[in-house]
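Trainee: Can you read through this structure? Questions will come right after.
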Amino acid sequence: MENKLNMEQVFEKLGDLKQFFVFGQRIVPVIQKIIDFMRDVVPLLENVNNSIQDSTSKIPKAANQIHNVTNATEVATGEILDIVDSMSMDLSRIKNELLEMKNGFFNQRVTLEKHASDFPQLNGKFEELKNGLSIDEMETRIVTLENMVRKLENDSTNITISLQIQDITAQQLASVNHLIQSVQKRLSSLLFDLGKKSNQNLSELEQMPEADTDTFNPDAKYDTSAEKQVRVDEIINENLKTSQAEIDKLFSK
Amino acid sequence: MAKKFLVVDDSVTMRRIVANSLKAIGYENYVEAGDGREALSKLNSDDSIDFIITDWNMPEVSGLELVRSIRSNEKYGSLPILMVTTRGLKEDILEALQAKVNNYVVKPFTPQILREKIDQILESA
């Protein structure tokens, strides 16, 4: 009786064992697949790891290059402004010369006309002389030259306005640099977690100076349309009517 | 007597452009500062400054901090201040007004706009 009970227990255990083997037969291919997957994915992860490390090491160079670009454009803009300044001075001199010439011709005309009225017996001679000196034609030419000078002055002013793009792009580049530095910090922290960076690297990174976000406007845009200033003026006029207390109240919210 | 301007901007290019624009509209007398701290130092040492033109985004002491410092100073607190900046959002303009700038110009600007704002400020003074 006791033997029968033992045998039943043995059969029960064998049944469990059989079920385990059946389950095992089903699970083995899955485990094999997991092993194969791991075999494939580990080198891939290693590659990703190396790529992150490689990219992280290149970021300071990229940030430095952007900084160099800003410096180079600032130097180039300075050189252009030097040329524009020199052009403006030359134009100013030309303008003064033309004015003197214009006055000279005007005086000649006045003198000739005065002589013509003082000496009516020489009627026609002074008109002939005036025509011979081409005073009218010279005066017309001077007016044309003055208009050209004014256009050139206007052009040089427009060049100066356009050169403000240097400051605006410098602010945009500073914003990109700030973004790059943030990415570098995150990637380096990730590499530290993966054991690819030493404590020393991490502390060096933490000591890296943070870009001062007050030094640039990430939304800086080169927009030469007058609308932007018109909108500003509207806000200013609207708020100049508003009491200072109301503005303060708005900011204390 | 010719007005003396203090031009404050961390960009060398912008300082030159503002200075050139001032010259173009007949103001030849100006001094420059590269940030708010330098501007305050100039204001403390130079009593002949009549007008301040400042950028907003600058290292050390920003334009807005500079305006607040100026306004809280007895000696030069009432000097006219024109803010010239790339910031054109309504909240920026209101913040500048709260700090008590006299007027506001967005970059890029023309010498005509600069003249108009300077004239408005000087006329209302």
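Ordering of the structure tokens sets the chain letters (A, B, ...), residue numbers begin anew at 1 in every chain, and ligands are numbered from 1 in the order given.
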Give me, as a list of chain:residue names, all polymer residues having an atom no more than 12 Å from Lys58 in chain A, counting only C-alpha atoms and skipping those fewer than 2 positions away in the same chain.
Mentor: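 Everything that qualifies: A:Ser51, A:Ile52, A:Gln53, A:Asp54, A:Ser55, A:Thr56, A:Pro60, A:Lys61, A:Ala62, A:Ala63, A:Asn64, A:Gln65, A:Ile180, A:Gln181, A:Val183, A:Gln184, A:Leu187, A:Ser188.
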Trainee: Select, as a PyMOL selection string, those residues of chain B with any atom no more than 7 Å from chain A (distances computed using only C-alpha atoms).
Mentor: chain B and resi 11+13-14+17+57-59+62+86-88+98+105-106+108-110
Trainee: Restricting the output to N, CA and C atoms, write the selected residues as a PDB file, in the first residue's frame.
Mentor:
```
ATOM      1  N   SER B  11      29.181  93.790 -29.166  1.00  0.00           N
ATOM      2  CA  SER B  11      29.646  93.553 -30.531  1.00  0.00           C
ATOM      3  C   SER B  11      30.377  94.793 -31.049  1.00  0.00           C
ATOM      4  N   THR B  13      31.236  95.295 -34.054  1.00  0.00           N
ATOM      5  CA  THR B  13      30.547  95.691 -35.285  1.00  0.00           C
ATOM      6  C   THR B  13      29.392  96.641 -34.972  1.00  0.00           C
ATOM      7  N   MET B  14      28.560  96.255 -34.000  1.00  0.00           N
ATOM      8  CA  MET B  14      27.390  97.075 -33.684  1.00  0.00           C
ATOM      9  C   MET B  14      27.791  98.432 -33.106  1.00  0.00           C
ATOM     10  N   ILE B  17      28.637 100.477 -36.016  1.00  0.00           N
ATOM     11  CA  ILE B  17      27.452 100.835 -36.815  1.00  0.00           C
ATOM     12  C   ILE B  17      26.642 101.921 -36.106  1.00  0.00           C
ATOM     13  N   ASN B  57      21.470  92.095 -24.782  1.00  0.00           N
ATOM     14  CA  ASN B  57      22.218  90.863 -24.497  1.00  0.00           C
ATOM     15  C   ASN B  57      23.715  91.122 -24.476  1.00  0.00           C
ATOM     16  N   MET B  58      24.247  91.163 -23.257  1.00  0.00           N
ATOM     17  CA  MET B  58      25.689  91.426 -23.104  1.00  0.00           C
ATOM     18  C   MET B  58      26.222  90.620 -21.919  1.00  0.00           C
ATOM     19  N   PRO B  59      27.525  90.282 -21.948  1.00  0.00           N
ATOM     20  CA  PRO B  59      28.101  89.574 -20.794  1.00  0.00           C
ATOM     21  C   PRO B  59      28.259  90.514 -19.594  1.00  0.00           C
ATOM     22  N   SER B  62      24.070  92.847 -18.100  1.00  0.00           N
ATOM     23  CA  SER B  62      23.252  92.964 -19.320  1.00  0.00           C
ATOM     24  C   SER B  62      22.698  94.386 -19.460  1.00  0.00           C
ATOM     25  N   THR B  86      18.032  93.055 -30.515  1.00  0.00           N
ATOM     26  CA  THR B  86      17.361  92.121 -31.440  1.00  0.00           C
ATOM     27  C   THR B  86      16.053  91.611 -30.843  1.00  0.00           C
ATOM     28  N   ARG B  87      15.844  91.878 -29.555  1.00  0.00           N
ATOM     29  CA  ARG B  87      14.653  91.339 -28.866  1.00  0.00           C
ATOM     30  C   ARG B  87      13.423  92.179 -29.205  1.00  0.00           C
ATOM     31  N   GLY B  88      12.455  91.516 -29.848  1.00  0.00           N
ATOM     32  CA  GLY B  88      11.283  92.283 -30.281  1.00  0.00           C
ATOM     33  C   GLY B  88       9.974  91.746 -29.733  1.00  0.00           C
ATOM     34  N   GLN B  98       9.441  98.733 -18.076  1.00  0.00           N
ATOM     35  CA  GLN B  98       9.349  98.661 -16.620  1.00  0.00           C
ATOM     36  C   GLN B  98      10.672  99.103 -15.971  1.00  0.00           C
ATOM     37  N   VAL B 105      14.514 100.383 -29.853  1.00  0.00           N
ATOM     38  CA  VAL B 105      14.717 100.177 -31.301  1.00  0.00           C
ATOM     39  C   VAL B 105      15.129  98.725 -31.526  1.00  0.00           C
ATOM     40  N   VAL B 106      14.504  98.085 -32.541  1.00  0.00           N
ATOM     41  CA  VAL B 106      14.910  96.703 -32.842  1.00  0.00           C
ATOM     42  C   VAL B 106      15.935  96.681 -33.975  1.00  0.00           C
ATOM     43  N   PRO B 108      17.673  94.848 -37.227  1.00  0.00           N
ATOM     44  CA  PRO B 108      18.503  95.909 -37.780  1.00  0.00           C
ATOM     45  C   PRO B 108      17.715  97.221 -37.896  1.00  0.00           C
ATOM     46  N   PHE B 109      18.434  98.331 -37.640  1.00  0.00           N
ATOM     47  CA  PHE B 109      17.777  99.644 -37.663  1.00  0.00           C
ATOM     48  C   PHE B 109      18.427 100.524 -38.728  1.00  0.00           C
ATOM     49  N   THR B 110      17.756 101.600 -39.063  1.00  0.00           N
ATOM     50  CA  THR B 110      18.332 102.560 -40.025  1.00  0.00           C
ATOM     51  C   THR B 110      18.744 103.812 -39.251  1.00  0.00           C
TER      52      THR B 110
END
```
Trainee: Counting only C-alpha atoms, which of B:Asn73, B:Ser78, B:Ser124, B:Thr54 gets nearest to Lys107 in chain B?
Mentor: B:Thr54
Trainee: For CA of Val7 in chain B and CA of Glu32 in chain B, determine how far apart the two atoms are, in Å to one decimal place.
Mentor: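 These two atoms are separated by 4.7 Å.
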Trainee: From range 20-123 of chain B, collect each residue whose DSSP state is helix (DSSP H, G or I) and return the set as a ChimeraX atom specification.
Mentor: /B:20-24,36-45,63-71,90-98,111-123
Trainee: What is the CA of Asp136 in chain A-CA of Arg109 in chain A distance in Å, reported with one decimal?
Mentor: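 Spanning CA of Asp136 in chain A to CA of Arg109 in chain A is a straight-line distance of 8.9 Å.
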